[in-house]
file run-v6.csv (CSV, C-alpha atoms)
chain,number,residue,atom,x,y,z
A,1,MET,CA,119.4,123.8,105.8
A,2,ASN,CA,115.6,124.1,105.5
A,3,GLU,CA,115.3,120.3,105.3
A,4,ILE,CA,117.4,119.8,108.5
A,5,ILE,CA,115.2,122.2,110.5
A,6,GLY,CA,112.0,120.7,109.2
A,7,TYR,CA,113.1,117.2,109.8
A,8,SER,CA,114.0,118.1,113.4
A,9,PHE,CA,110.5,119.6,113.9
A,10,ILE,CA,109.1,116.3,112.5
A,11,VAL,CA,111.1,114.2,114.9
A,12,ILE,CA,109.9,116.3,117.9
A,13,GLY,CA,106.3,115.9,116.8
A,14,MET,CA,106.8,112.2,116.4
A,15,LEU,CA,108.2,111.9,119.9
A,16,PHE,CA,105.3,113.8,121.3
A,17,ASP,CA,102.9,111.5,119.4
A,18,ILE,CA,104.6,108.4,120.9
A,19,PHE,CA,104.4,109.9,124.4
A,20,GLY,CA,100.8,110.9,124.1
A,21,CYS,CA,99.8,107.4,122.9
A,22,LEU,CA,101.8,105.8,125.7
A,23,GLY,CA,99.9,108.0,128.1
A,24,LEU,CA,96.7,106.9,126.4
A,25,LEU,CA,97.7,103.3,127.1
A,26,ARG,CA,99.2,103.5,130.6
A,27,LEU,CA,97.3,106.2,132.6
A,28,PRO,CA,94.6,105.0,135.0
A,29,ASP,CA,91.7,107.3,134.3
A,30,VAL,CA,89.6,108.9,131.5
A,31,TYR,CA,90.6,112.4,132.5
A,32,ASN,CA,94.3,111.6,132.8
A,33,ARG,CA,94.2,109.9,129.4
A,34,LEU,CA,92.6,113.0,127.9
A,35,GLN,CA,95.2,115.2,129.5
A,36,ALA,CA,97.9,113.1,127.9
A,37,THR,CA,96.4,113.0,124.5
A,38,THR,CA,95.8,116.7,124.1
A,39,LYS,CA,99.6,117.1,124.3
A,40,CYS,CA,99.7,114.8,121.3
A,41,VAL,CA,97.7,117.4,119.3
A,42,THR,CA,99.4,120.7,120.0
A,43,LEU,CA,103.0,119.7,119.9
A,44,GLY,CA,102.8,116.4,118.0
A,45,THR,CA,100.6,117.0,115.0
A,46,CYS,CA,101.2,120.7,114.8
A,47,GLY,CA,104.9,120.1,115.0
A,48,ILE,CA,104.7,117.7,112.0
A,49,LEU,CA,102.7,120.3,110.1
A,50,PHE,CA,105.1,123.1,111.0
A,51,GLY,CA,108.0,120.9,109.7
A,52,THR,CA,106.1,120.4,106.5
A,53,LEU,CA,105.7,124.2,106.2
A,54,VAL,CA,109.5,124.7,106.8
A,55,ILE,CA,110.5,122.1,104.2
A,56,LYS,CA,108.0,123.2,101.5
A,57,GLY,CA,108.2,127.0,102.0
A,58,PHE,CA,105.3,129.3,101.3
A,59,SER,CA,104.0,127.3,98.4
A,60,GLY,CA,100.5,125.8,98.1
A,61,THR,CA,101.4,123.0,100.5
A,62,GLY,CA,102.8,125.5,103.1
A,63,ILE,CA,99.6,127.6,103.0
A,64,LYS,CA,97.5,124.6,103.5
A,65,ALA,CA,99.7,123.5,106.4
A,66,ILE,CA,99.2,126.9,108.1
A,67,LEU,CA,95.4,126.6,107.6
A,68,CYS,CA,95.5,123.1,109.1
A,69,ILE,CA,97.5,124.3,112.1
A,70,LEU,CA,95.1,127.2,112.8
A,71,PHE,CA,92.1,124.9,112.5
A,72,LEU,CA,93.6,122.3,114.8
A,73,ILE,CA,94.6,124.8,117.5
A,74,LEU,CA,91.1,126.4,117.4
A,75,THR,CA,89.0,123.2,117.5
A,76,SER,CA,90.8,120.5,119.5
A,77,PRO,CA,90.5,122.1,123.0
A,78,VAL,CA,86.8,122.6,122.3
A,79,ALA,CA,86.5,118.9,121.5
A,80,ALA,CA,88.6,117.9,124.6
A,81,HIS,CA,86.5,120.0,126.9
A,82,ALA,CA,83.2,118.6,125.5
A,83,LEU,CA,84.5,115.0,125.8
A,84,SER,CA,85.6,115.5,129.4
A,85,ARG,CA,82.2,117.2,130.3
A,86,GLY,CA,80.3,114.4,128.6
A,87,ALA,CA,82.4,111.8,130.5
A,88,HIS,CA,81.7,113.5,133.8
A,89,ILE,CA,78.0,113.8,133.2
A,90,SER,CA,77.6,110.2,132.0
A,91,GLY,CA,78.9,109.1,135.4
A,92,VAL,CA,82.5,107.9,134.9
A,93,LYS,CA,84.2,107.8,138.3
A,94,LEU,CA,87.5,109.5,139.0
A,95,TRP,CA,90.6,107.5,139.9
A,96,ASP,CA,90.5,106.6,143.6
A,97,LYS,CA,93.7,108.5,144.3
A,98,SER,CA,92.5,111.7,142.7
A,99,VAL,CA,92.6,114.7,145.1
A,100,CYS,CA,89.7,117.0,144.3
A,101,ASP,CA,86.7,117.3,141.9
A,102,LYS,CA,85.8,121.0,141.5
A,103,TYR,CA,83.2,120.3,138.7
A,104,GLU,CA,81.2,118.0,141.0
A,105,GLN,CA,81.2,120.6,143.8
A,106,ASP,CA,80.1,123.2,141.3
A,107,ARG,CA,77.3,121.1,140.0
A,108,SER,CA,76.0,120.2,143.5
A,109,VAL,CA,76.0,123.9,144.5
A,110,HIS,CA,74.1,125.0,141.4
A,111,SER,CA,71.5,122.2,141.6
A,112,SER,CA,70.7,122.7,145.3
B,1,MET,CA,100.6,87.9,145.3
B,2,MET,CA,100.1,91.6,144.9
B,3,LYS,CA,102.7,92.4,147.6
B,4,MET,CA,105.2,90.2,145.8
B,5,LEU,CA,104.5,92.0,142.5
B,6,SER,CA,104.8,95.4,144.0
B,7,LYS,CA,108.2,94.5,145.4
B,8,TYR,CA,109.5,94.2,141.9
B,9,LYS,CA,107.7,97.3,140.6
B,10,TYR,CA,110.8,99.2,139.5
B,11,LEU,CA,112.2,96.1,137.9
B,12,ARG,CA,109.0,95.7,135.9
B,13,TRP,CA,109.0,99.4,134.9
B,14,PHE,CA,112.6,99.0,133.7
B,15,LEU,CA,111.8,95.8,131.7
B,16,GLY,CA,108.8,97.4,130.1
B,17,LEU,CA,110.9,100.5,129.2
B,18,LEU,CA,113.6,98.2,127.7
B,19,VAL,CA,111.1,96.3,125.6
B,20,ILE,CA,109.4,99.4,124.3
B,21,THR,CA,112.7,101.2,123.4
B,22,SER,CA,114.2,98.1,121.8
B,23,ALA,CA,111.1,97.6,119.7
B,24,LEU,CA,111.2,101.3,118.6
B,25,VAL,CA,114.9,101.1,117.8
B,26,PHE,CA,114.5,97.9,115.9
B,27,ILE,CA,111.6,99.2,113.8
B,28,THR,CA,113.3,102.5,113.1
B,29,ALA,CA,116.7,101.0,112.3
B,30,PHE,CA,115.6,97.8,110.4
B,31,GLY,CA,112.2,99.0,109.2
B,32,PHE,CA,110.5,97.4,106.2
B,33,SER,CA,111.5,100.4,104.1
B,34,SER,CA,111.9,98.3,101.0
B,35,LEU,CA,108.1,97.8,101.0
B,36,LEU,CA,107.6,101.4,100.1
B,37,GLU,CA,109.6,102.6,97.1
B,38,TRP,CA,110.0,106.1,98.5
B,39,GLN,CA,112.9,108.5,97.9
B,40,SER,CA,113.5,109.2,101.6
B,41,PRO,CA,114.0,106.3,103.9
B,42,PHE,CA,113.7,108.6,106.9
B,43,LEU,CA,110.1,109.4,106.2
B,44,SER,CA,109.3,105.7,105.6
B,45,ARG,CA,110.6,105.0,109.1
B,46,CYS,CA,108.4,107.8,110.4
B,47,PHE,CA,105.5,105.9,108.8
B,48,PHE,CA,106.2,102.9,110.9
B,49,VAL,CA,106.6,104.9,114.1
B,50,LEU,CA,103.1,106.3,113.4
B,51,MET,CA,101.9,102.8,112.8
B,52,ILE,CA,102.9,101.9,116.4
B,53,CYS,CA,100.8,104.9,117.7
B,54,PHE,CA,97.9,103.7,115.6
B,55,SER,CA,98.2,100.2,117.2
B,56,LEU,CA,98.2,101.7,120.7
B,57,CYS,CA,95.1,103.7,120.0
B,58,LEU,CA,93.4,100.7,118.5
B,59,PHE,CA,94.2,98.7,121.6
B,60,ARG,CA,92.6,101.3,123.8
B,61,ILE,CA,89.5,101.3,121.5
B,62,MET,CA,89.2,97.5,121.8
B,63,ARG,CA,89.8,97.4,125.6
B,64,GLY,CA,88.3,100.6,127.0
B,65,PRO,CA,86.5,100.0,130.3
B,66,THR,CA,84.0,102.8,129.6
B,67,PRO,CA,82.6,104.4,126.4
B,68,ALA,CA,84.4,107.7,127.2
B,69,ASP,CA,87.7,105.9,126.8
B,70,ARG,CA,86.7,104.8,123.3
B,71,ALA,CA,85.6,108.3,122.4
B,72,VAL,CA,88.9,109.8,123.5
B,73,ALA,CA,90.9,107.1,121.6
B,74,VAL,CA,88.8,107.8,118.4
B,75,ASP,CA,89.5,111.5,118.7
B,76,THR,CA,93.3,110.8,119.1
B,77,LEU,CA,93.2,108.5,116.1
B,78,GLY,CA,91.8,111.2,113.9
B,79,ILE,CA,94.5,113.7,115.1
B,80,LEU,CA,97.2,111.1,114.3
B,81,ILE,CA,95.8,110.6,110.8
B,82,VAL,CA,96.1,114.3,110.1
B,83,GLY,CA,99.8,114.2,110.9
B,84,PHE,CA,100.2,111.0,108.8
B,85,CYS,CA,98.7,112.8,105.8
B,86,ALA,CA,101.1,115.7,106.4
B,87,ILE,CA,104.0,113.3,106.3
B,88,LEU,CA,102.7,111.6,103.2
B,89,SER,CA,102.7,115.0,101.4
B,90,ILE,CA,106.5,115.5,101.7
B,91,PRO,CA,108.1,112.7,99.6
B,92,THR,CA,105.3,112.5,97.1
B,93,GLY,CA,105.2,116.2,96.5
B,94,ARG,CA,101.4,116.3,96.0
B,95,ASP,CA,99.5,118.9,97.9
B,96,TRP,CA,96.1,117.3,97.9
B,97,TYR,CA,97.2,115.2,100.9
B,98,LEU,CA,96.9,118.4,103.0
B,99,ASP,CA,93.3,118.8,101.6
B,100,ILE,CA,92.6,115.4,103.0
B,101,ALA,CA,94.2,116.4,106.3
B,102,ILE,CA,92.0,119.5,106.6
B,103,ALA,CA,88.8,117.6,105.8
B,104,TRP,CA,89.8,114.8,108.2
B,105,ALA,CA,90.4,117.4,111.0
B,106,LEU,CA,86.9,118.9,110.4
B,107,GLN,CA,85.3,115.4,110.4
B,108,SER,CA,87.1,114.4,113.6
B,109,PHE,CA,86.0,117.7,115.3
B,110,ILE,CA,82.3,117.1,114.4
B,111,GLY,CA,82.6,113.5,115.4
B,112,ALA,CA,84.0,114.3,118.8
B,113,LEU,CA,81.3,116.8,119.5
B,114,ALA,CA,78.6,114.3,118.5
B,115,LEU,CA,80.2,111.6,120.7
B,116,ALA,CA,80.3,114.1,123.6
B,117,LYS,CA,76.6,114.9,123.1
B,118,TYR,CA,75.8,111.2,123.1
B,119,LEU,CA,77.7,110.7,126.3
B,120,GLU,CA,76.0,113.7,128.0
B,121,GLY,CA,72.5,112.5,127.0
B,122,ARG,CA,73.1,109.1,128.3
B,123,GLY,CA,72.7,109.9,132.0
B,124,PHE,CA,73.3,106.9,134.2
B,125,ASP,CA,71.9,108.6,137.3
B,126,GLU,CA,68.9,110.6,136.1

call {"tool": "encode", "arguments": {"input": "run-v6.csv", "output": "structure tokens"}}
result
Amino acid sequence: MNEIIGYSFIVIGMLFDIFGCLGLLRLPDVYNRLQATTKCVTLGTCGILFGTLVIKGFSGTGIKAILCILFLILTSPVAAHALSRGAHISGVKLWDKSVCDKYEQDRSVHSS
Amino acid sequence: MMKMLSKYKYLRWFLGLLVITSALVFITAFGFSSLLEWQSPFLSRCFFVLMICFSLCLFRIMRGPTPADRAVAVDTLGILIVGFCAILSIPTGRDWYLDIAIAWALQSFIGALALAKYLEGRGFDE
């Protein structure tokens, strides 16, 4: 029973990984690609790690999986925000069908 | 030319979806699982599904128009390798694969922050 639940979590994580990488390939802009690939972290890799935890139980492997989940959830949004901020400052243009750019307005207000 | 192509937009979407799903079904059904002498054939097929994700990320690293694309793809590749180590730890039953996963997540985080700092300091307009 544990193995069935864990394998279903692993399959869900695998599907989210595939969709995140398809978004990385197909979407038109850096920011859209970043928005697709952060889904690949929280539900993809953390789903796989949670499946490992369910299969192995609270042994040494399970405790390490919990540690890895906590570390990923704490650090990956920080990395994504830093990457998008660096991309915006380095001058990457938005897609021409994008609607609004709040960060650019904010920077122009503070600089003037 | 572009008008003629945009006429068959939905046909092209459908053909691309068909090709991608058929490739996925082919690899997951008739994977090269005899190459890996594992106990569970399901996990060895998960291995090949993750290989497809690696190849998509490597394609984006090769053909990114801007450096920011390449930084995003490198970050995603590190995250995928963490999941790959977690899958490797199930059939082999060795828990030091999770140690590799934690160390790789730490290294990927620090690498992403360094890449973001590099992109910020570059400054095309100032």

call {"tool": "closest_residue", "arguments": {"input": "run-v6.csv", "among": "A:Ser59, A:Ser90, A:Ser84, A:Ser8", "to": "chain B", "atoms": "only C-alpha atoms"}}
result
A:Ser90

call {"tool": "residues_around", "arguments": {"input": "run-v6.csv", "residues": "Val30 of chain A", "least_positions_apart": "5", "cutoff": "12 Å", "atoms": "only C-alpha atoms", "output": "MDAnalysis selection string"}}
result
(chainID A and resid 23:25 35:37 80 83:88 91:95 98) or (chainID B and resid 60 64:73)

call {"tool": "write_last_selection", "arguments": {"input": "run-v6.csv", "atoms": "C-alpha atoms", "output": "PDB file, in the frame of the given file"}}
result
ATOM      1  CA  GLY A  23      99.900 108.000 128.100  1.00  0.00           C
ATOM      2  CA  LEU A  24      96.700 106.900 126.400  1.00  0.00           C
ATOM      3  CA  LEU A  25      97.700 103.300 127.100  1.00  0.00           C
ATOM      4  CA  GLN A  35      95.200 115.200 129.500  1.00  0.00           C
ATOM      5  CA  ALA A  36      97.900 113.100 127.900  1.00  0.00           C
ATOM      6  CA  THR A  37      96.400 113.000 124.500  1.00  0.00           C
ATOM      7  CA  ALA A  80      88.600 117.900 124.600  1.00  0.00           C
ATOM      8  CA  LEU A  83      84.500 115.000 125.800  1.00  0.00           C
ATOM      9  CA  SER A  84      85.600 115.500 129.400  1.00  0.00           C
ATOM     10  CA  ARG A  85      82.200 117.200 130.300  1.00  0.00           C
ATOM     11  CA  GLY A  86      80.300 114.400 128.600  1.00  0.00           C
ATOM     12  CA  ALA A  87      82.400 111.800 130.500  1.00  0.00           C
ATOM     13  CA  HIS A  88      81.700 113.500 133.800  1.00  0.00           C
ATOM     14  CA  GLY A  91      78.900 109.100 135.400  1.00  0.00           C
ATOM     15  CA  VAL A  92      82.500 107.900 134.900  1.00  0.00           C
ATOM     16  CA  LYS A  93      84.200 107.800 138.300  1.00  0.00           C
ATOM     17  CA  LEU A  94      87.500 109.500 139.000  1.00  0.00           C
ATOM     18  CA  TRP A  95      90.600 107.500 139.900  1.00  0.00           C
ATOM     19  CA  SER A  98      92.500 111.700 142.700  1.00  0.00           C
TER      20      SER A  98
ATOM     21  CA  ARG B  60      92.600 101.300 123.800  1.00  0.00           C
ATOM     22  CA  GLY B  64      88.300 100.600 127.000  1.00  0.00           C
ATOM     23  CA  PRO B  65      86.500 100.000 130.300  1.00  0.00           C
ATOM     24  CA  THR B  66      84.000 102.800 129.600  1.00  0.00           C
ATOM     25  CA  PRO B  67      82.600 104.400 126.400  1.00  0.00           C
ATOM     26  CA  ALA B  68      84.400 107.700 127.200  1.00  0.00           C
ATOM     27  CA  ASP B  69      87.700 105.900 126.800  1.00  0.00           C
ATOM     28  CA  ARG B  70      86.700 104.800 123.300  1.00  0.00           C
ATOM     29  CA  ALA B  71      85.600 108.300 122.400  1.00  0.00           C
ATOM     30  CA  VAL B  72      88.900 109.800 123.500  1.00  0.00           C
ATOM     31  CA  ALA B  73      90.900 107.100 121.600  1.00  0.00           C
TER      32      ALA B  73
END

call {"tool": "closest_residue", "arguments": {"input": "run-v6.csv", "among": "B:Leu88, B:Met62, B:Ala105, B:Ile100", "to": "chain A", "atoms": "all atoms listed in the file"}}
result
B:Ala105

call {"tool": "closest_atom_pairs", "arguments": {"input": "run-v6.csv", "of": "chain A", "to": "chain B", "cutoff": "9 Å", "atoms": "all atoms listed in the file", "output": "tab-separated table"}}
result
residue	atom	partner	partner_atom	distance
A:Ile10	CA	B:Ile87	CA	8.6
A:Val11	CA	B:Cys46	CA	8.3
A:Gly13	CA	B:Gly83	CA	8.9
A:Met14	CA	B:Leu50	CA	7.6
A:Asp17	CA	B:Cys53	CA	7.1
A:Ile18	CA	B:Cys53	CA	6.1
A:Gly20	CA	B:Cys53	CA	8.8
A:Cys21	CA	B:Cys53	CA	5.9
A:Leu22	CA	B:Leu56	CA	7.4
A:Leu24	CA	B:Cys57	CA	7.3
A:Leu25	CA	B:Arg60	CA	6.4
A:Asp29	CA	B:Asp69	CA	8.6
A:Val30	CA	B:Asp69	CA	5.9
A:Arg33	CA	B:Val72	CA	7.9
A:Leu34	CA	B:Val72	CA	6.6
A:Thr37	CA	B:Thr76	CA	6.6
A:Thr38	CA	B:Thr76	CA	8.1
A:Cys40	CA	B:Thr76	CA	7.9
A:Val41	CA	B:Ile79	CA	6.4
A:Gly44	CA	B:Gly83	CA	8.0
A:Thr45	CA	B:Gly83	CA	5.0
A:Cys46	CA	B:Gly83	CA	7.7
A:Gly47	CA	B:Gly83	CA	8.8
A:Ile48	CA	B:Gly83	CA	6.1
A:Leu49	CA	B:Ala86	CA	6.1
A:Thr52	CA	B:Ala86	CA	6.9
A:Ile55	CA	B:Ile90	CA	8.1
A:Lys56	CA	B:Ile90	CA	7.8
A:Gly60	CA	B:Asp95	CA	7.0
A:Thr61	CA	B:Asp95	CA	5.2
A:Lys64	CA	B:Leu98	CA	6.2
A:Ala65	CA	B:Leu98	CA	6.7
A:Leu67	CA	B:Ile102	CA	7.9
A:Cys68	CA	B:Ile102	CA	5.6
A:Phe71	CA	B:Ala105	CA	7.8
A:Leu72	CA	B:Ala105	CA	7.0
A:Thr75	CA	B:Phe109	CA	6.6
A:Ser76	CA	B:Phe109	CA	7.0
A:Val78	CA	B:Leu113	CA	8.5
A:Ala79	CA	B:Ala112	CA	5.9
A:Ala80	CA	B:Val72	CA	8.2
A:Ala82	CA	B:Ala116	CA	5.7
A:Leu83	CA	B:Ala116	CA	4.8
A:Ser84	CA	B:Ala116	CA	8.0
A:Arg85	CA	B:Glu120	CA	7.5
A:Gly86	CA	B:Glu120	CA	4.4
A:Ala87	CA	B:Ala68	CA	5.6
A:His88	CA	B:Glu120	CA	8.1
A:Ile89	CA	B:Glu120	CA	5.6
A:Ser90	CA	B:Gly123	CA	4.9
A:Gly91	CA	B:Phe124	CA	6.1
A:Val92	CA	B:Thr66	CA	7.5

call {"tool": "atom_distance", "arguments": {"input": "run-v6.csv", "atom1": "atom CA of Gly16 of chain B", "atom2": "atom CA of Gly78 of chain B"}}
result
27.2 Å

call {"tool": "atom_distance", "arguments": {"input": "run-v6.csv", "atom1": "atom CA of Glu3 of chain A", "atom2": "atom CA of Gly62 of chain A"}}
result
13.7 Å
